[in-house]
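One file, work26.txt, is given below (compact mmCIF, N, CA and C atoms).
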```txt
# COMPACT_ATOMS: atom_id res chain seq x y z
N MET B 1 170.13 -73.67 252.90
CA MET B 1 169.49 -73.60 251.60
C MET B 1 168.14 -72.92 251.75
N SER B 2 167.89 -71.94 250.93
CA SER B 2 166.65 -71.18 250.98
C SER B 2 165.56 -71.91 250.20
N SER B 3 164.36 -71.90 250.76
CA SER B 3 163.23 -72.49 250.05
C SER B 3 162.29 -71.40 249.52
N ALA B 4 162.78 -70.17 249.48
CA ALA B 4 161.97 -69.06 248.98
C ALA B 4 161.64 -69.29 247.51
N ARG B 5 160.45 -68.90 247.14
CA ARG B 5 160.01 -69.01 245.74
C ARG B 5 160.58 -67.82 244.96
N TYR B 6 161.13 -68.12 243.80
CA TYR B 6 161.76 -67.09 242.98
C TYR B 6 161.23 -67.23 241.56
N TYR B 7 160.49 -66.22 241.11
CA TYR B 7 159.81 -66.26 239.82
C TYR B 7 160.54 -65.35 238.84
N GLU B 8 161.15 -65.96 237.82
CA GLU B 8 161.83 -65.13 236.82
C GLU B 8 162.09 -65.94 235.56
N CYS B 9 161.88 -65.29 234.42
CA CYS B 9 162.27 -65.83 233.13
C CYS B 9 163.06 -64.76 232.41
N THR B 10 164.13 -65.19 231.75
CA THR B 10 164.96 -64.29 230.97
C THR B 10 164.62 -64.51 229.50
N VAL B 11 164.52 -63.40 228.76
CA VAL B 11 164.17 -63.47 227.34
C VAL B 11 165.31 -62.88 226.51
N LYS B 12 165.77 -63.66 225.52
CA LYS B 12 166.80 -63.21 224.59
C LYS B 12 166.21 -63.21 223.18
N VAL B 13 166.55 -62.18 222.39
CA VAL B 13 165.99 -62.05 221.04
C VAL B 13 167.10 -61.77 220.04
N GLU B 14 167.05 -62.47 218.91
CA GLU B 14 167.94 -62.21 217.78
C GLU B 14 167.06 -61.86 216.58
N VAL B 15 167.42 -60.76 215.87
CA VAL B 15 166.60 -60.25 214.77
C VAL B 15 167.33 -60.42 213.44
N THR B 16 166.56 -60.75 212.40
CA THR B 16 167.08 -60.86 211.05
C THR B 16 166.17 -60.10 210.10
N PHE B 17 166.74 -59.27 209.25
CA PHE B 17 165.99 -58.60 208.18
C PHE B 17 165.75 -59.62 207.08
N ILE B 18 164.54 -59.69 206.55
CA ILE B 18 164.21 -60.66 205.51
C ILE B 18 163.96 -59.91 204.20
N ALA B 19 165.01 -59.76 203.41
CA ALA B 19 164.94 -58.99 202.16
C ALA B 19 163.91 -59.57 201.19
N GLU B 20 163.88 -60.90 201.06
CA GLU B 20 162.99 -61.52 200.07
C GLU B 20 161.51 -61.38 200.42
N GLN B 21 161.18 -61.05 201.65
CA GLN B 21 159.78 -60.82 202.03
C GLN B 21 159.46 -59.34 202.19
N SER B 22 160.45 -58.49 201.93
CA SER B 22 160.26 -57.04 202.05
C SER B 22 159.95 -56.46 200.67
N ASP B 23 159.26 -55.34 200.67
CA ASP B 23 158.96 -54.59 199.44
C ASP B 23 159.33 -53.14 199.72
N ILE B 24 160.61 -52.84 199.56
CA ILE B 24 161.15 -51.54 199.95
C ILE B 24 160.49 -50.40 199.19
N GLU B 25 160.18 -50.60 197.90
CA GLU B 25 159.53 -49.55 197.11
C GLU B 25 158.17 -49.17 197.68
N ASN B 26 157.53 -50.11 198.37
CA ASN B 26 156.22 -49.85 198.97
C ASN B 26 156.28 -49.76 200.49
N ASN B 27 157.48 -49.47 201.02
CA ASN B 27 157.68 -49.28 202.46
C ASN B 27 157.15 -50.45 203.29
N GLN B 28 157.55 -51.65 202.94
CA GLN B 28 157.22 -52.85 203.70
C GLN B 28 158.53 -53.56 204.03
N TYR B 29 158.87 -53.63 205.31
CA TYR B 29 160.13 -54.18 205.77
C TYR B 29 159.83 -55.37 206.70
N ALA B 30 160.31 -56.55 206.28
CA ALA B 30 160.01 -57.77 207.02
C ALA B 30 161.20 -58.16 207.91
N PHE B 31 160.88 -58.57 209.13
CA PHE B 31 161.89 -58.99 210.09
C PHE B 31 161.44 -60.29 210.75
N ALA B 32 162.40 -61.19 210.95
CA ALA B 32 162.17 -62.38 211.76
C ALA B 32 162.86 -62.15 213.09
N TYR B 33 162.26 -62.66 214.14
CA TYR B 33 162.92 -62.59 215.45
C TYR B 33 162.87 -63.97 216.09
N HIS B 34 164.05 -64.39 216.53
CA HIS B 34 164.20 -65.70 217.19
C HIS B 34 164.29 -65.44 218.69
N VAL B 35 163.38 -66.03 219.43
CA VAL B 35 163.27 -65.78 220.87
C VAL B 35 163.67 -67.03 221.66
N THR B 36 164.44 -66.80 222.70
CA THR B 36 164.75 -67.85 223.67
C THR B 36 164.25 -67.39 225.03
N ILE B 37 163.38 -68.18 225.64
CA ILE B 37 162.84 -67.89 226.96
C ILE B 37 163.44 -68.91 227.92
N ILE B 38 164.10 -68.43 228.97
CA ILE B 38 164.77 -69.31 229.93
C ILE B 38 164.15 -69.10 231.30
N ASN B 39 163.75 -70.18 231.95
CA ASN B 39 163.23 -70.07 233.31
C ASN B 39 164.45 -69.96 234.24
N THR B 40 164.75 -68.75 234.67
CA THR B 40 165.89 -68.50 235.55
C THR B 40 165.46 -68.45 237.02
N GLY B 41 164.20 -68.74 237.27
CA GLY B 41 163.71 -68.81 238.64
C GLY B 41 163.85 -70.22 239.18
N ASN B 42 163.20 -70.48 240.32
CA ASN B 42 163.28 -71.81 240.92
C ASN B 42 161.91 -72.48 241.02
N VAL B 43 160.94 -71.98 240.23
CA VAL B 43 159.59 -72.53 240.21
C VAL B 43 159.17 -72.73 238.75
N ALA B 44 158.60 -73.88 238.43
CA ALA B 44 158.10 -74.12 237.08
C ALA B 44 157.03 -73.09 236.75
N ALA B 45 157.01 -72.64 235.49
CA ALA B 45 156.05 -71.62 235.08
C ALA B 45 155.63 -71.85 233.63
N GLN B 46 154.38 -71.50 233.35
CA GLN B 46 153.85 -71.65 232.00
C GLN B 46 153.61 -70.29 231.37
N LEU B 47 154.00 -70.16 230.11
CA LEU B 47 153.73 -68.95 229.34
C LEU B 47 152.27 -69.01 228.91
N ILE B 48 151.50 -68.02 229.32
CA ILE B 48 150.06 -68.00 229.02
C ILE B 48 149.75 -67.08 227.84
N SER B 49 150.32 -65.88 227.85
CA SER B 49 150.00 -64.92 226.79
C SER B 49 151.17 -63.99 226.54
N ARG B 50 151.02 -63.18 225.47
CA ARG B 50 152.09 -62.26 225.08
C ARG B 50 151.51 -60.87 224.86
N HIS B 51 152.36 -59.88 225.03
CA HIS B 51 152.03 -58.48 224.74
C HIS B 51 153.26 -57.84 224.11
N TRP B 52 153.14 -57.49 222.85
CA TRP B 52 154.23 -56.83 222.12
C TRP B 52 153.84 -55.40 221.81
N VAL B 53 154.83 -54.51 221.83
CA VAL B 53 154.66 -53.13 221.37
C VAL B 53 155.69 -52.93 220.25
N VAL B 54 155.19 -52.60 219.06
CA VAL B 54 156.05 -52.37 217.90
C VAL B 54 155.97 -50.89 217.56
N THR B 55 157.13 -50.22 217.54
CA THR B 55 157.18 -48.79 217.24
C THR B 55 158.03 -48.60 215.99
N GLU B 56 157.46 -47.92 215.00
CA GLU B 56 158.18 -47.64 213.77
C GLU B 56 158.94 -46.32 213.90
N ALA B 57 159.88 -46.09 212.98
CA ALA B 57 160.72 -44.89 213.03
C ALA B 57 159.90 -43.60 212.92
N ASN B 58 158.72 -43.67 212.32
CA ASN B 58 157.86 -42.49 212.17
C ASN B 58 156.97 -42.26 213.39
N GLY B 59 157.16 -43.07 214.42
CA GLY B 59 156.37 -42.91 215.64
C GLY B 59 155.11 -43.76 215.69
N GLU B 60 154.74 -44.36 214.56
CA GLU B 60 153.57 -45.23 214.56
C GLU B 60 153.81 -46.40 215.51
N ARG B 61 152.78 -46.73 216.26
CA ARG B 61 152.92 -47.77 217.29
C ARG B 61 151.74 -48.72 217.21
N LYS B 62 152.03 -50.02 217.32
CA LYS B 62 150.94 -50.99 217.37
C LYS B 62 151.21 -51.97 218.51
N GLU B 63 150.14 -52.45 219.10
CA GLU B 63 150.25 -53.42 220.19
C GLU B 63 149.63 -54.73 219.74
N ILE B 64 150.29 -55.80 220.09
CA ILE B 64 149.81 -57.14 219.75
C ILE B 64 149.67 -57.92 221.04
N ARG B 65 148.49 -58.49 221.24
CA ARG B 65 148.23 -59.32 222.41
C ARG B 65 147.64 -60.64 221.94
N GLY B 66 147.96 -61.71 222.63
CA GLY B 66 147.37 -62.98 222.26
C GLY B 66 147.80 -64.08 223.20
N LEU B 67 147.14 -65.21 223.06
CA LEU B 67 147.47 -66.37 223.89
C LEU B 67 148.72 -67.05 223.34
N GLY B 68 149.59 -67.47 224.22
CA GLY B 68 150.76 -68.25 223.85
C GLY B 68 151.67 -67.57 222.85
N VAL B 69 152.55 -68.39 222.28
CA VAL B 69 153.46 -67.95 221.22
C VAL B 69 153.47 -69.03 220.15
N VAL B 70 153.33 -68.65 218.91
CA VAL B 70 153.26 -69.56 217.76
C VAL B 70 152.43 -70.82 218.08
N GLY B 71 151.27 -70.60 218.69
CA GLY B 71 150.35 -71.69 218.99
C GLY B 71 150.70 -72.54 220.19
N ALA B 72 151.67 -72.14 220.97
CA ALA B 72 152.10 -72.94 222.12
C ALA B 72 152.04 -72.13 223.42
N GLN B 73 151.82 -72.84 224.51
CA GLN B 73 151.88 -72.27 225.86
C GLN B 73 152.83 -73.15 226.68
N PRO B 74 154.14 -72.99 226.41
CA PRO B 74 155.10 -73.90 227.02
C PRO B 74 155.19 -73.79 228.54
N LEU B 75 155.39 -74.95 229.17
CA LEU B 75 155.64 -75.04 230.61
C LEU B 75 157.15 -75.24 230.77
N LEU B 76 157.78 -74.34 231.50
CA LEU B 76 159.23 -74.38 231.69
C LEU B 76 159.58 -74.67 233.14
N LYS B 77 160.27 -75.77 233.36
CA LYS B 77 160.80 -76.06 234.68
C LYS B 77 162.02 -75.18 234.91
N PRO B 78 162.45 -75.01 236.15
CA PRO B 78 163.65 -74.21 236.39
C PRO B 78 164.82 -74.66 235.51
N ALA B 79 165.49 -73.71 234.90
CA ALA B 79 166.64 -73.89 234.01
C ALA B 79 166.26 -74.37 232.61
N GLU B 80 165.00 -74.70 232.36
CA GLU B 80 164.59 -75.10 231.01
C GLU B 80 164.41 -73.87 230.14
N HIS B 81 164.48 -74.08 228.82
CA HIS B 81 164.27 -72.98 227.89
C HIS B 81 163.33 -73.41 226.77
N TYR B 82 162.77 -72.43 226.09
CA TYR B 82 161.88 -72.65 224.95
C TYR B 82 162.30 -71.65 223.88
N GLU B 83 162.38 -72.11 222.64
CA GLU B 83 162.76 -71.24 221.54
C GLU B 83 161.71 -71.27 220.44
N TYR B 84 161.52 -70.14 219.79
CA TYR B 84 160.64 -70.08 218.64
C TYR B 84 161.06 -68.90 217.76
N THR B 85 160.58 -68.93 216.53
CA THR B 85 160.84 -67.83 215.59
C THR B 85 159.51 -67.32 215.07
N SER B 86 159.38 -66.01 215.00
CA SER B 86 158.19 -65.37 214.46
C SER B 86 158.65 -64.16 213.65
N GLY B 87 157.72 -63.32 213.24
CA GLY B 87 158.12 -62.18 212.43
C GLY B 87 157.15 -61.03 212.53
N THR B 88 157.59 -59.92 211.97
CA THR B 88 156.75 -58.72 211.92
C THR B 88 157.07 -57.95 210.66
N LEU B 89 156.12 -57.15 210.23
CA LEU B 89 156.25 -56.31 209.05
C LEU B 89 156.02 -54.87 209.49
N ILE B 90 156.96 -53.98 209.17
CA ILE B 90 156.78 -52.57 209.52
C ILE B 90 156.90 -51.71 208.26
N ASN B 91 156.52 -50.45 208.36
CA ASN B 91 156.49 -49.54 207.22
C ASN B 91 157.68 -48.61 207.13
N THR B 92 158.67 -48.79 207.99
CA THR B 92 159.88 -47.96 207.97
C THR B 92 161.09 -48.90 208.04
N PRO B 93 162.26 -48.47 207.55
CA PRO B 93 163.42 -49.36 207.57
C PRO B 93 163.99 -49.60 208.96
N MET B 94 163.51 -48.85 209.94
CA MET B 94 163.94 -49.02 211.33
C MET B 94 162.74 -49.00 212.24
N GLY B 95 162.87 -49.69 213.35
CA GLY B 95 161.82 -49.69 214.35
C GLY B 95 162.34 -50.35 215.61
N GLU B 96 161.42 -50.62 216.53
CA GLU B 96 161.78 -51.22 217.80
C GLU B 96 160.62 -52.06 218.30
N MET B 97 160.95 -53.12 219.02
CA MET B 97 159.93 -53.94 219.68
C MET B 97 160.32 -54.15 221.14
N HIS B 98 159.30 -54.29 221.97
CA HIS B 98 159.49 -54.70 223.36
C HIS B 98 158.16 -55.26 223.85
N GLY B 99 158.16 -55.81 225.05
CA GLY B 99 156.91 -56.33 225.57
C GLY B 99 157.10 -57.21 226.78
N ALA B 100 156.20 -58.19 226.91
CA ALA B 100 156.25 -59.11 228.05
C ALA B 100 155.45 -60.35 227.75
N TYR B 101 155.87 -61.44 228.37
CA TYR B 101 155.09 -62.67 228.38
C TYR B 101 154.45 -62.77 229.75
N GLN B 102 153.16 -63.10 229.77
CA GLN B 102 152.47 -63.28 231.04
C GLN B 102 152.63 -64.76 231.41
N MET B 103 153.20 -64.98 232.59
CA MET B 103 153.54 -66.31 233.07
C MET B 103 152.69 -66.66 234.29
N VAL B 104 152.44 -67.96 234.49
CA VAL B 104 151.79 -68.45 235.70
C VAL B 104 152.64 -69.58 236.25
N ALA B 105 153.09 -69.39 237.48
CA ALA B 105 153.92 -70.40 238.14
C ALA B 105 153.04 -71.56 238.59
N GLU B 106 153.67 -72.70 238.87
CA GLU B 106 152.94 -73.90 239.27
C GLU B 106 152.11 -73.70 240.54
N ASP B 107 152.47 -72.69 241.35
CA ASP B 107 151.69 -72.43 242.57
C ASP B 107 150.60 -71.38 242.35
N GLY B 108 150.42 -70.97 241.08
CA GLY B 108 149.37 -70.01 240.74
C GLY B 108 149.82 -68.56 240.70
N THR B 109 151.04 -68.28 241.12
CA THR B 109 151.55 -66.90 241.10
C THR B 109 151.73 -66.44 239.66
N GLN B 110 151.20 -65.25 239.35
CA GLN B 110 151.35 -64.67 238.02
C GLN B 110 152.49 -63.66 238.03
N PHE B 111 153.28 -63.66 236.95
CA PHE B 111 154.36 -62.68 236.82
C PHE B 111 154.65 -62.47 235.35
N ASP B 112 155.34 -61.38 235.05
CA ASP B 112 155.70 -61.05 233.67
C ASP B 112 157.16 -61.39 233.41
N ALA B 113 157.42 -61.95 232.24
CA ALA B 113 158.79 -62.11 231.73
C ALA B 113 158.99 -60.95 230.77
N VAL B 114 159.76 -59.97 231.17
CA VAL B 114 159.92 -58.73 230.41
C VAL B 114 160.81 -58.97 229.19
N ILE B 115 160.38 -58.42 228.05
CA ILE B 115 161.15 -58.47 226.81
C ILE B 115 161.73 -57.07 226.61
N ALA B 116 163.03 -56.93 226.81
CA ALA B 116 163.69 -55.62 226.69
C ALA B 116 163.59 -55.13 225.25
N PRO B 117 163.61 -53.80 225.05
CA PRO B 117 163.55 -53.26 223.68
C PRO B 117 164.69 -53.79 222.82
N PHE B 118 164.35 -54.10 221.57
CA PHE B 118 165.36 -54.50 220.60
C PHE B 118 165.04 -53.84 219.26
N ALA B 119 166.10 -53.59 218.49
CA ALA B 119 165.97 -52.85 217.23
C ALA B 119 165.55 -53.75 216.08
N LEU B 120 164.73 -53.18 215.22
CA LEU B 120 164.43 -53.75 213.91
C LEU B 120 165.10 -52.78 212.94
N ALA B 121 166.11 -53.22 212.22
CA ALA B 121 166.85 -52.30 211.35
C ALA B 121 167.32 -53.02 210.09
N MET B 122 166.96 -52.44 208.96
CA MET B 122 167.44 -52.95 207.70
C MET B 122 168.96 -52.82 207.68
N PRO B 123 169.69 -53.81 207.15
CA PRO B 123 171.17 -53.71 207.12
C PRO B 123 171.64 -52.43 206.43
N ARG B 124 172.70 -51.93 206.95
CA ARG B 124 173.35 -50.72 206.44
C ARG B 124 172.52 -49.45 206.63
N ILE B 125 171.43 -49.52 207.41
CA ILE B 125 170.65 -48.32 207.69
C ILE B 125 171.29 -47.56 208.82
N LEU B 126 172.00 -48.31 209.71
CA LEU B 126 172.74 -47.69 210.81
C LEU B 126 174.21 -47.73 210.45
N HIS B 127 174.98 -46.78 210.93
CA HIS B 127 176.42 -46.74 210.59
C HIS B 127 177.17 -47.83 211.28
```

Conversion result in structure tokens:
Amino acid sequence: MSSARYYECTVKVEVTFIAEQSDIENNQYAFAYHVTIINTGNVAAQLISRHWVVTEANGERKEIRGLGVVGAQPLLKPAEHYEYTSGTLINTPMGEMHGAYQMVAEDGTQFDAVIAPFALAMPRILH
């Protein structure tokens, strides 16, 4: 049995277009994203901060940085998960988000939990 330290968190995202919070005539498109963060490593780790990059279909890009997620800095033991829902507003019917969570393991090792790119798309905008 290996006692090597293994630092990794897997991030899964599900996106929903929110029609009732969107104002299409004024180019405001609201999306909710439900995130599941799973500690797939073998060391407990705490989510300290987040870094998101939001890119709209017109090339406009904004970066969001902050402590924790929805007011929390969860500590995840190996195999534990944390879920939350948040949202974003963009000016085009399509866009993309990606980023990373900055994590600190119980032994002080810092690492990133990468958030792979995912689409923000109003229904029926893609074939």

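If you count only N, CA and C atoms and ignore residues fewer than 4 places along the chain from Ala45 (chain B), what sits within 6 Å of it is Pro74, Leu75, Leu76, Lys77, Pro78, Met103, Val104, Ala105 and Glu106 of chain B.
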
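Of the listed residues B:Asn27, B:Gln21, B:Thr16, B:Thr36, the one whose atoms come nearest to Tyr84 (chain B) is B:Thr36, with distances taken using only N, CA and C atoms.
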
Item to check | Straight-line distance linking atom N of Trp52 (chain B) with atom C of Pro117 (chain B), stated in Å to one decimal | outcome: 12.1 Å

Item to check | Polymer residues at most 5 Å from Gly41 (chain B), only N, CA and C atoms, same-chain spacing of 6 or more positions, as an NGL selection string | outcome: :B and (6-8 or 78)

Checklist entry - When you draw a straight line from CA of Leu47 (chain B) to CA of Gly95 (chain B), how long is it in Å? => result 25.7 Å

Checklist entry - Please, which residues of chain B, numbered as in this document, come out helix (DSSP H, G or I) from DSSP, as a count of residues only? => result 6

Next on the checklist: At a cut-off of 9 Å, using only C-alpha atoms, what residues contact Glu14 (chain B)? Leave out same-chain residues fewer than 4 positions from it and give the result as a list in words.
Outcome noted: Ala32, Tyr33, His34, Val35, Thr36 and Phe118 of chain B

Just the selected residues (N, CA and C atoms), exported as a PDB file, keeping the file's coordinate frame, please.
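And here is the file that came out, again_18.pdb:
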```
ATOM      1  N   ALA B  32     162.400 -61.190 210.950  1.00  0.00           N
ATOM      2  CA  ALA B  32     162.170 -62.380 211.760  1.00  0.00           C
ATOM      3  C   ALA B  32     162.860 -62.150 213.090  1.00  0.00           C
ATOM      4  N   TYR B  33     162.260 -62.660 214.140  1.00  0.00           N
ATOM      5  CA  TYR B  33     162.920 -62.590 215.450  1.00  0.00           C
ATOM      6  C   TYR B  33     162.870 -63.970 216.090  1.00  0.00           C
ATOM      7  N   HIS B  34     164.050 -64.390 216.530  1.00  0.00           N
ATOM      8  CA  HIS B  34     164.200 -65.700 217.190  1.00  0.00           C
ATOM      9  C   HIS B  34     164.290 -65.440 218.690  1.00  0.00           C
ATOM     10  N   VAL B  35     163.380 -66.030 219.430  1.00  0.00           N
ATOM     11  CA  VAL B  35     163.270 -65.780 220.870  1.00  0.00           C
ATOM     12  C   VAL B  35     163.670 -67.030 221.660  1.00  0.00           C
ATOM     13  N   THR B  36     164.440 -66.800 222.700  1.00  0.00           N
ATOM     14  CA  THR B  36     164.750 -67.850 223.670  1.00  0.00           C
ATOM     15  C   THR B  36     164.250 -67.390 225.030  1.00  0.00           C
ATOM     16  N   PHE B 118     164.350 -54.100 221.570  1.00  0.00           N
ATOM     17  CA  PHE B 118     165.360 -54.500 220.600  1.00  0.00           C
ATOM     18  C   PHE B 118     165.040 -53.840 219.260  1.00  0.00           C
TER      19      PHE B 118
END
```

Checklist entry - Excluding same-chain residues fewer than 5 positions from Arg50 (chain B), what lies within 6.5 Å of it counting only N, CA and C atoms, as an MDAnalysis selection string? => result chainID B and resid 64:69 100:102

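Considering the residues B:Thr40, B:Val114, B:Arg61, B:Phe31 and counting only C-alpha atoms, Phe17 (chain B) has its shortest atom-to-atom contact with B:Phe31.
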
Using all atoms of region 90-95 of chain B listed in the file and a margin of 8 Å per side, can you give the axis-aligned box centre and edge lengths in Å to one decimal, as AutoDock Vina command-line options?
```
--center_x 160.2 --center_y -51.0 --center_z 211.4 --size_x 23.5 --size_y 22.0 --size_z 24.5
```

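With only N, CA and C atoms as the basis for measurement, B:Glu80 is the residue among B:Asp107, B:Glu63, B:Glu80, B:Asp23 that approaches Ile38 (chain B) most closely.
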
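Across the model, the gap from CA of His98 (chain B) to atom C of Val54 (chain B) is 7.8 Å.
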
Checklist outcome for this item: For Glu83 (chain B), the closest of B:Ile48, B:Ala121, B:Ile37, B:Ala116 counting only C-alpha atoms is B:Ile37

Next on the checklist: If we count only C-alpha atoms and set the cut-off at 12 Å, which residues sit around Ser22 (chain B), ignoring sequence neighbours fewer than 4 positions away in its own chain? Please answer as number ranges by chain.
Outcome noted: B: 16-18, 26-32, 87-93, 122

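The residue that comes closest to Asn42 (chain B), out of B:Met94, B:Gly99, B:Tyr82, B:Arg5 and on the basis of only N, CA and C atoms, is B:Arg5.
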
Checklist outcome for this item: Restricting to only N, CA and C atoms, whichever of B:Cys9, B:Val70, B:Met97, B:Ala4 is closest to Asn39 (chain B) is B:Cys9
